[in-house]
>>> print(open('my_file31.cif').read())   # mmCIF, C-alpha atoms and all ligand atoms
data_run
#
loop_
_atom_site.label_atom_id
_atom_site.label_comp_id
_atom_site.auth_asym_id
_atom_site.auth_seq_id
_atom_site.Cartn_x
_atom_site.Cartn_y
_atom_site.Cartn_z
CA MET D 1 17.69 36.00 -31.25
CA SER D 2 15.75 36.89 -28.08
CA ILE D 3 15.69 40.43 -26.73
CA LEU D 4 17.50 39.29 -23.58
CA SER D 5 20.41 37.73 -25.47
CA SER D 6 20.58 40.79 -27.74
CA VAL D 7 20.81 43.09 -24.68
CA LYS D 8 23.46 40.82 -23.14
CA ARG D 9 25.55 40.97 -26.31
CA HIS D 10 25.35 44.75 -26.37
CA ILE D 11 26.41 44.94 -22.71
CA ASP D 12 29.30 42.54 -23.42
CA ALA D 13 30.45 44.71 -26.34
CA ILE D 14 30.30 47.92 -24.27
CA SER D 15 32.14 46.35 -21.31
CA THR D 16 34.86 45.06 -23.67
CA GLY D 17 35.23 48.55 -25.10
CA LEU D 18 35.45 50.09 -21.62
CA LYS D 19 38.00 47.47 -20.54
CA TYR D 20 40.33 48.42 -23.40
CA LEU D 21 39.67 52.14 -22.92
CA PHE D 22 41.10 52.03 -19.39
CA ALA D 23 43.57 49.16 -19.82
CA SER D 24 47.12 50.13 -18.94
CA SER D 25 48.57 48.45 -21.99
CA ARG D 26 47.05 49.26 -25.33
CA MET D 27 47.55 47.45 -28.61
CA THR D 28 47.84 50.75 -30.45
CA VAL D 29 50.77 53.16 -30.25
CA ARG D 30 50.72 56.95 -30.34
CA TYR D 31 52.03 57.35 -33.87
CA PRO D 32 54.02 59.41 -34.84
CA GLU D 33 55.41 60.00 -31.33
CA TYR D 34 56.09 56.26 -31.25
CA SER D 35 57.00 54.15 -34.23
CA ILE D 36 56.88 50.37 -34.43
CA THR D 37 59.91 48.58 -35.84
CA LEU D 38 58.49 46.07 -38.28
CA ARG D 39 59.70 42.56 -38.92
CA ASP D 40 61.67 41.78 -42.07
CA ASN D 41 58.80 39.73 -43.48
CA TYR D 42 56.18 42.47 -42.88
CA ARG D 43 53.70 42.70 -45.75
CA GLY D 44 53.67 46.40 -46.56
CA MET D 45 53.40 48.37 -49.79
CA ILE D 46 54.25 46.28 -52.83
CA ARG D 47 57.14 47.07 -55.20
CA TYR D 48 56.86 45.91 -58.81
CA TYR D 49 59.85 45.33 -61.10
CA LYS D 50 58.69 45.60 -64.70
CA ASP D 51 62.07 44.48 -66.08
CA LYS D 52 61.60 41.07 -64.43
CA CYS D 53 57.90 40.68 -65.25
CA ILE D 54 56.99 38.02 -67.84
CA SER D 55 53.38 39.19 -68.20
CA CYS D 56 51.95 35.87 -67.02
CA SER D 57 49.07 37.62 -65.19
CA LEU D 58 49.14 35.11 -62.32
CA CYS D 59 49.20 37.97 -59.83
CA ALA D 60 45.96 39.40 -61.24
CA ARG D 61 44.30 36.02 -61.37
CA ILE D 62 45.11 35.00 -57.81
CA CYS D 63 44.29 38.31 -56.15
CA PRO D 64 41.26 37.64 -53.90
CA ALA D 65 40.40 41.33 -53.70
CA ASP D 66 40.50 42.02 -57.43
CA ALA D 67 43.14 44.66 -56.74
CA ILE D 68 45.46 43.84 -59.64
CA LYS D 69 44.54 44.57 -63.22
CA MET D 70 46.58 43.92 -66.37
CA TYR D 71 47.21 46.97 -68.57
CA ARG D 72 48.27 47.14 -72.20
CA LYS D 73 49.81 50.36 -73.44
CA ALA D 74 49.17 51.47 -77.00
CA GLY D 75 51.88 49.97 -79.20
CA GLU D 76 52.88 47.28 -76.65
CA LYS D 77 52.08 43.62 -77.23
CA LYS D 78 52.39 42.51 -73.62
CA MET D 79 50.20 43.38 -70.66
CA TYR D 80 51.62 44.44 -67.34
CA PRO D 81 50.02 44.62 -63.89
CA GLY D 82 48.89 47.68 -61.99
CA ILE D 83 47.45 47.80 -58.50
CA ASN D 84 44.50 49.45 -56.82
CA TYR D 85 45.32 50.06 -53.16
CA GLN D 86 41.69 50.84 -52.45
CA ARG D 87 41.14 47.11 -52.70
CA CYS D 88 44.42 45.48 -51.63
CA ILE D 89 44.23 43.54 -48.34
CA PHE D 90 47.99 42.86 -48.23
CA CYS D 91 47.50 39.10 -48.23
CA GLY D 92 50.74 38.59 -50.17
CA PHE D 93 49.31 36.04 -52.61
CA CYS D 94 50.49 38.00 -55.66
CA VAL D 95 54.04 38.26 -54.29
CA SER D 96 54.14 34.55 -53.43
CA ILE D 97 52.84 33.33 -56.77
CA CYS D 98 54.93 35.56 -59.04
CA PRO D 99 57.26 33.14 -60.90
CA ALA D 100 59.70 35.89 -61.85
CA ASP D 101 60.25 37.59 -58.47
CA ALA D 102 58.84 40.74 -60.01
CA LEU D 103 56.85 41.66 -56.90
CA GLU D 104 58.04 42.15 -53.35
CA HIS D 105 56.60 43.55 -50.17
CA THR D 106 58.38 46.49 -48.60
CA PRO D 107 58.26 47.28 -44.87
CA VAL D 108 56.51 50.57 -45.64
CA HIS D 109 52.97 50.90 -44.29
CA ASP D 110 52.56 54.53 -43.23
CA ILE D 111 51.34 56.04 -46.47
CA ALA D 112 48.38 58.41 -46.79
CA TRP D 113 46.49 59.62 -49.84
CA GLU D 114 44.19 62.56 -50.30
CA SER D 115 41.86 61.00 -52.85
CA LEU D 116 40.78 57.53 -53.93
CA GLU D 117 42.13 58.12 -57.44
CA GLU D 118 45.67 58.47 -56.03
CA MET D 119 45.45 54.88 -54.78
CA ILE D 120 45.39 53.42 -58.29
CA PHE D 121 48.83 52.63 -59.74
CA PRO D 122 49.19 51.60 -63.39
CA PRO D 123 52.32 49.54 -64.24
CA GLU D 124 54.70 52.53 -64.53
CA GLU D 125 53.75 53.80 -61.08
CA PHE D 126 53.42 50.34 -59.54
CA GLY D 127 57.21 50.19 -59.81
CA ARG D 128 57.78 53.17 -57.56
CA GLU D 129 60.04 52.95 -54.55
CA TRP D 130 58.25 53.26 -51.22
CA VAL D 131 59.77 55.30 -48.44
CA SER D 132 58.28 55.83 -45.00
CA PRO D 133 57.85 59.45 -43.90
CA ALA D 134 60.70 60.67 -41.70
CA LEU D 135 60.10 60.19 -38.01
CA GLU D 136 59.34 63.26 -35.94
CA GLU D 137 62.22 64.56 -33.88
CA GLY D 138 62.19 62.74 -30.55
CA ALA D 139 60.01 59.92 -31.84
CA ARG D 140 60.62 56.73 -29.95
CA ARG D 141 60.93 53.31 -31.51
CA VAL D 142 59.07 50.36 -30.02
CA LYS D 143 58.79 46.73 -30.97
CA ALA D 144 55.78 44.45 -30.70
CA VAL D 145 56.00 41.55 -28.27
CA PHE D 146 53.39 38.99 -27.37
CA ASP D 147 52.50 38.65 -23.69
CA GLU D 148 50.51 35.57 -22.59
CA LYS D 149 48.28 37.63 -20.30
CA ARG D 150 48.06 41.00 -22.00
CA GLY D 151 48.21 39.95 -25.63
CA LEU D 152 50.12 42.13 -28.09
CA THR D 153 52.12 44.86 -26.38
CA HIS D 154 54.79 47.33 -27.39
CA VAL D 155 58.07 47.81 -25.55
CA PRO D 156 60.95 50.24 -26.16
CA GLU D 157 63.63 48.87 -28.45
S1 LIG L 201 48.56 41.57 -51.62
FE1 LIG L 201 46.71 40.27 -51.92
S2 LIG L 201 45.04 41.72 -52.13
FE2 LIG L 201 46.94 42.90 -52.42
S3 LIG L 201 47.25 42.92 -54.63
FE3 LIG L 201 48.38 41.16 -53.82
S4 LIG L 201 46.99 39.40 -53.96
FE4 LIG L 201 45.76 41.27 -54.18
S1 LIG L 202 52.86 37.27 -61.55
FE1 LIG L 202 54.81 38.38 -61.70
S2 LIG L 202 55.56 37.94 -63.75
FE2 LIG L 202 53.38 37.42 -63.73
S3 LIG L 202 52.36 39.30 -64.46
FE3 LIG L 202 52.40 39.38 -62.22
S4 LIG L 202 54.27 40.54 -61.75
FE4 LIG L 202 54.45 39.88 -63.87
#
>>> encode(input="my_file31.cif", output="structure tokens", more="lines below")
Ligand code: SF4
Ligand code: SF4
Amino acid sequence: MSILSSVKRHIDAISTGLKYLFASSRMTVRYPEYSITLRDNYRGMIRYYKDKCISCSLCARICPADAIKMYRKAGEKKMYPGINYQRCIFCGFCVSICPADALEHTPVHDIAWESLEEMIFPPEEFGREWVSPALEEGARRVKAVFDEKRGLTHVPE
């Protein structure tokens, strides 16, 4: 790549950044003052139902991010999946392939952890129920709409 084209690409990147810095409509929202209402099919945190699981390991085998690992507890014959959210890219492949409906996405996405270790869920914890943090008082709900000219925007519900 020539120096000239390299400089041009840098200028293009900076001007794109400046354009979005001053644009009147932003793609991001000021969370938690504003909260986006998600669609029903949103791929958020995954809920695992061990009672339905048949230990086929398809979820672990299809995962492109190597986020699912099969665990065997001492004394148990079968292996059950656990998830590492450090790696998960929320592609939904594991949920789609599960033949027993033992995995489902929840609409919960606003979860924070304090350490990387907390992001690893063995089977018992993989089955936890996910709940979004309560909205701040006065928080306003918005929904995402697509605008031909401005791209993705957010409007009050
Ligand atoms: S959603 Fe995708 S990346 Fe995450 S655990 Fe499932 S298959 Fe792996
Ligand atoms: S694909 Fe479904 S049934 Fe198979 S191991 Fe994973 S969660 Fe269990």
>>> closest_residue(input="my_file31.cif", among="D:Lys73, D:Arg150, D:Arg47, D:Lys143", to="ligand LIG 201 (chain L)", atoms="all atoms listed in the file")
D:Arg47
>>> atom_distance(input="my_file31.cif", atom1="atom CA of Val155 of chain D", atom2="atom CA of Ala134 of chain D")
20.8 Å
>>> atom_distance(input="my_file31.cif", atom1="atom S2 of ligand LIG 202 (chain L)", atom2="atom CA of Ala65 of chain D")
18.5 Å
>>> atom_distance(input="my_file31.cif", atom1="atom FE1 of ligand LIG 201 (chain L)", atom2="atom CA of Ala100 of chain D")
16.9 Å
>>> residues_near_point(input="my_file31.cif", point="(61.5, 48.5, -43.6)", cutoff="10 Å", atoms="only C-alpha atoms", output="list in words")
Thr37, Leu38, Arg39, Asp40, Asn41, Tyr42, Arg43, Gly44, His105, Thr106, Pro107, Val108, His109, Trp130, Val131 and Ser132 of chain D
>>> residues_near_ligand(input="my_file31.cif", ligand="ligand LIG 201 (chain L)", cutoff="8 Å", atoms="all atoms listed in the file", output="ChimeraX atom specification")
/D:43,46,59-60,62-68,83-85,87-95
>>> closest_residue(input="my_file31.cif", among="D:Ile111, D:Leu58, D:Met70, D:Met119", to="ligand LIG 202 (chain L)", atoms="all atoms listed in the file")
D:Leu58
>>> closest_atom_pairs(input="my_file31.cif", of="segment 90-142 of chain D", to="segment 12-36 of chain D", cutoff="9 Å", atoms="all atoms listed in the file", output="JSON lines")
{"residue": "D:Leu135", "atom": "CA", "partner": "D:Pro32", "partner_atom": "CA", "distance": 6.9}
{"residue": "D:Glu136", "atom": "CA", "partner": "D:Pro32", "partner_atom": "CA", "distance": 6.7}
{"residue": "D:Glu137", "atom": "CA", "partner": "D:Glu33", "partner_atom": "CA", "distance": 8.6}
{"residue": "D:Gly138", "atom": "CA", "partner": "D:Glu33", "partner_atom": "CA", "distance": 7.4}
{"residue": "D:Ala139", "atom": "CA", "partner": "D:Glu33", "partner_atom": "CA", "distance": 4.6}
{"residue": "D:Arg140", "atom": "CA", "partner": "D:Tyr34", "partner_atom": "CA", "distance": 4.7}
{"residue": "D:Arg141", "atom": "CA", "partner": "D:Ser35", "partner_atom": "CA", "distance": 4.9}
{"residue": "D:Val142", "atom": "CA", "partner": "D:Ile36", "partner_atom": "CA", "distance": 4.9}
>>> closest_residue(input="my_file31.cif", among="D:Glu104, D:Asp110, D:Asp147, D:Glu76", to="ligand LIG 202 (chain L)", atoms="only C-alpha atoms and all ligand atoms")
D:Glu104
>>> closest_residue(input="my_file31.cif", among="D:Ile120, D:Leu4, D:Met79, D:Met45", to="ligand LIG 202 (chain L)", atoms="all atoms listed in the file")
D:Met79
>>> axis_aligned_box(input="my_file31.cif", around="ligand LIG 202 (chain L)", padding_each_side="8 Å", output="JSON")
{"center_x": 54.0, "center_y": 38.9, "center_z": -63.0, "size_x": 19.2, "size_y": 19.3, "size_z": 18.9}
>>> closest_atom_pairs(input="my_file31.cif", of="chain D", to="ligand LIG 202 (chain L)", cutoff="7 Å", atoms="only C-alpha atoms and all ligand atoms", output="Markdown table")
| residue | atom | partner | partner_atom | distance |
| --- | --- | --- | --- | --- |
| D:Tyr48 | CA | L:LIG202 | S4 | 6.6 |
| D:Lys52 | CA | L:LIG202 | S2 | 6.8 |
| D:Cys53 | CA | L:LIG202 | FE4 | 3.8 |
| D:Ile54 | CA | L:LIG202 | S2 | 4.3 |
| D:Ser55 | CA | L:LIG202 | S3 | 3.9 |
| D:Cys56 | CA | L:LIG202 | FE2 | 3.9 |
| D:Ser57 | CA | L:LIG202 | S3 | 3.8 |
| D:Leu58 | CA | L:LIG202 | S1 | 4.4 |
| D:Cys59 | CA | L:LIG202 | S1 | 4.1 |
| D:Ala60 | CA | L:LIG202 | FE3 | 6.5 |
| D:Tyr80 | CA | L:LIG202 | S3 | 5.9 |
| D:Pro81 | CA | L:LIG202 | S3 | 5.8 |
| D:Cys94 | CA | L:LIG202 | S1 | 6.4 |
| D:Ile97 | CA | L:LIG202 | S1 | 6.2 |
| D:Cys98 | CA | L:LIG202 | S1 | 3.7 |
| D:Pro99 | CA | L:LIG202 | S2 | 5.8 |
| D:Ala100 | CA | L:LIG202 | S2 | 5.0 |
| D:Asp101 | CA | L:LIG202 | FE1 | 6.4 |
| D:Ala102 | CA | L:LIG202 | S4 | 4.9 |
| D:Leu103 | CA | L:LIG202 | S4 | 5.6 |
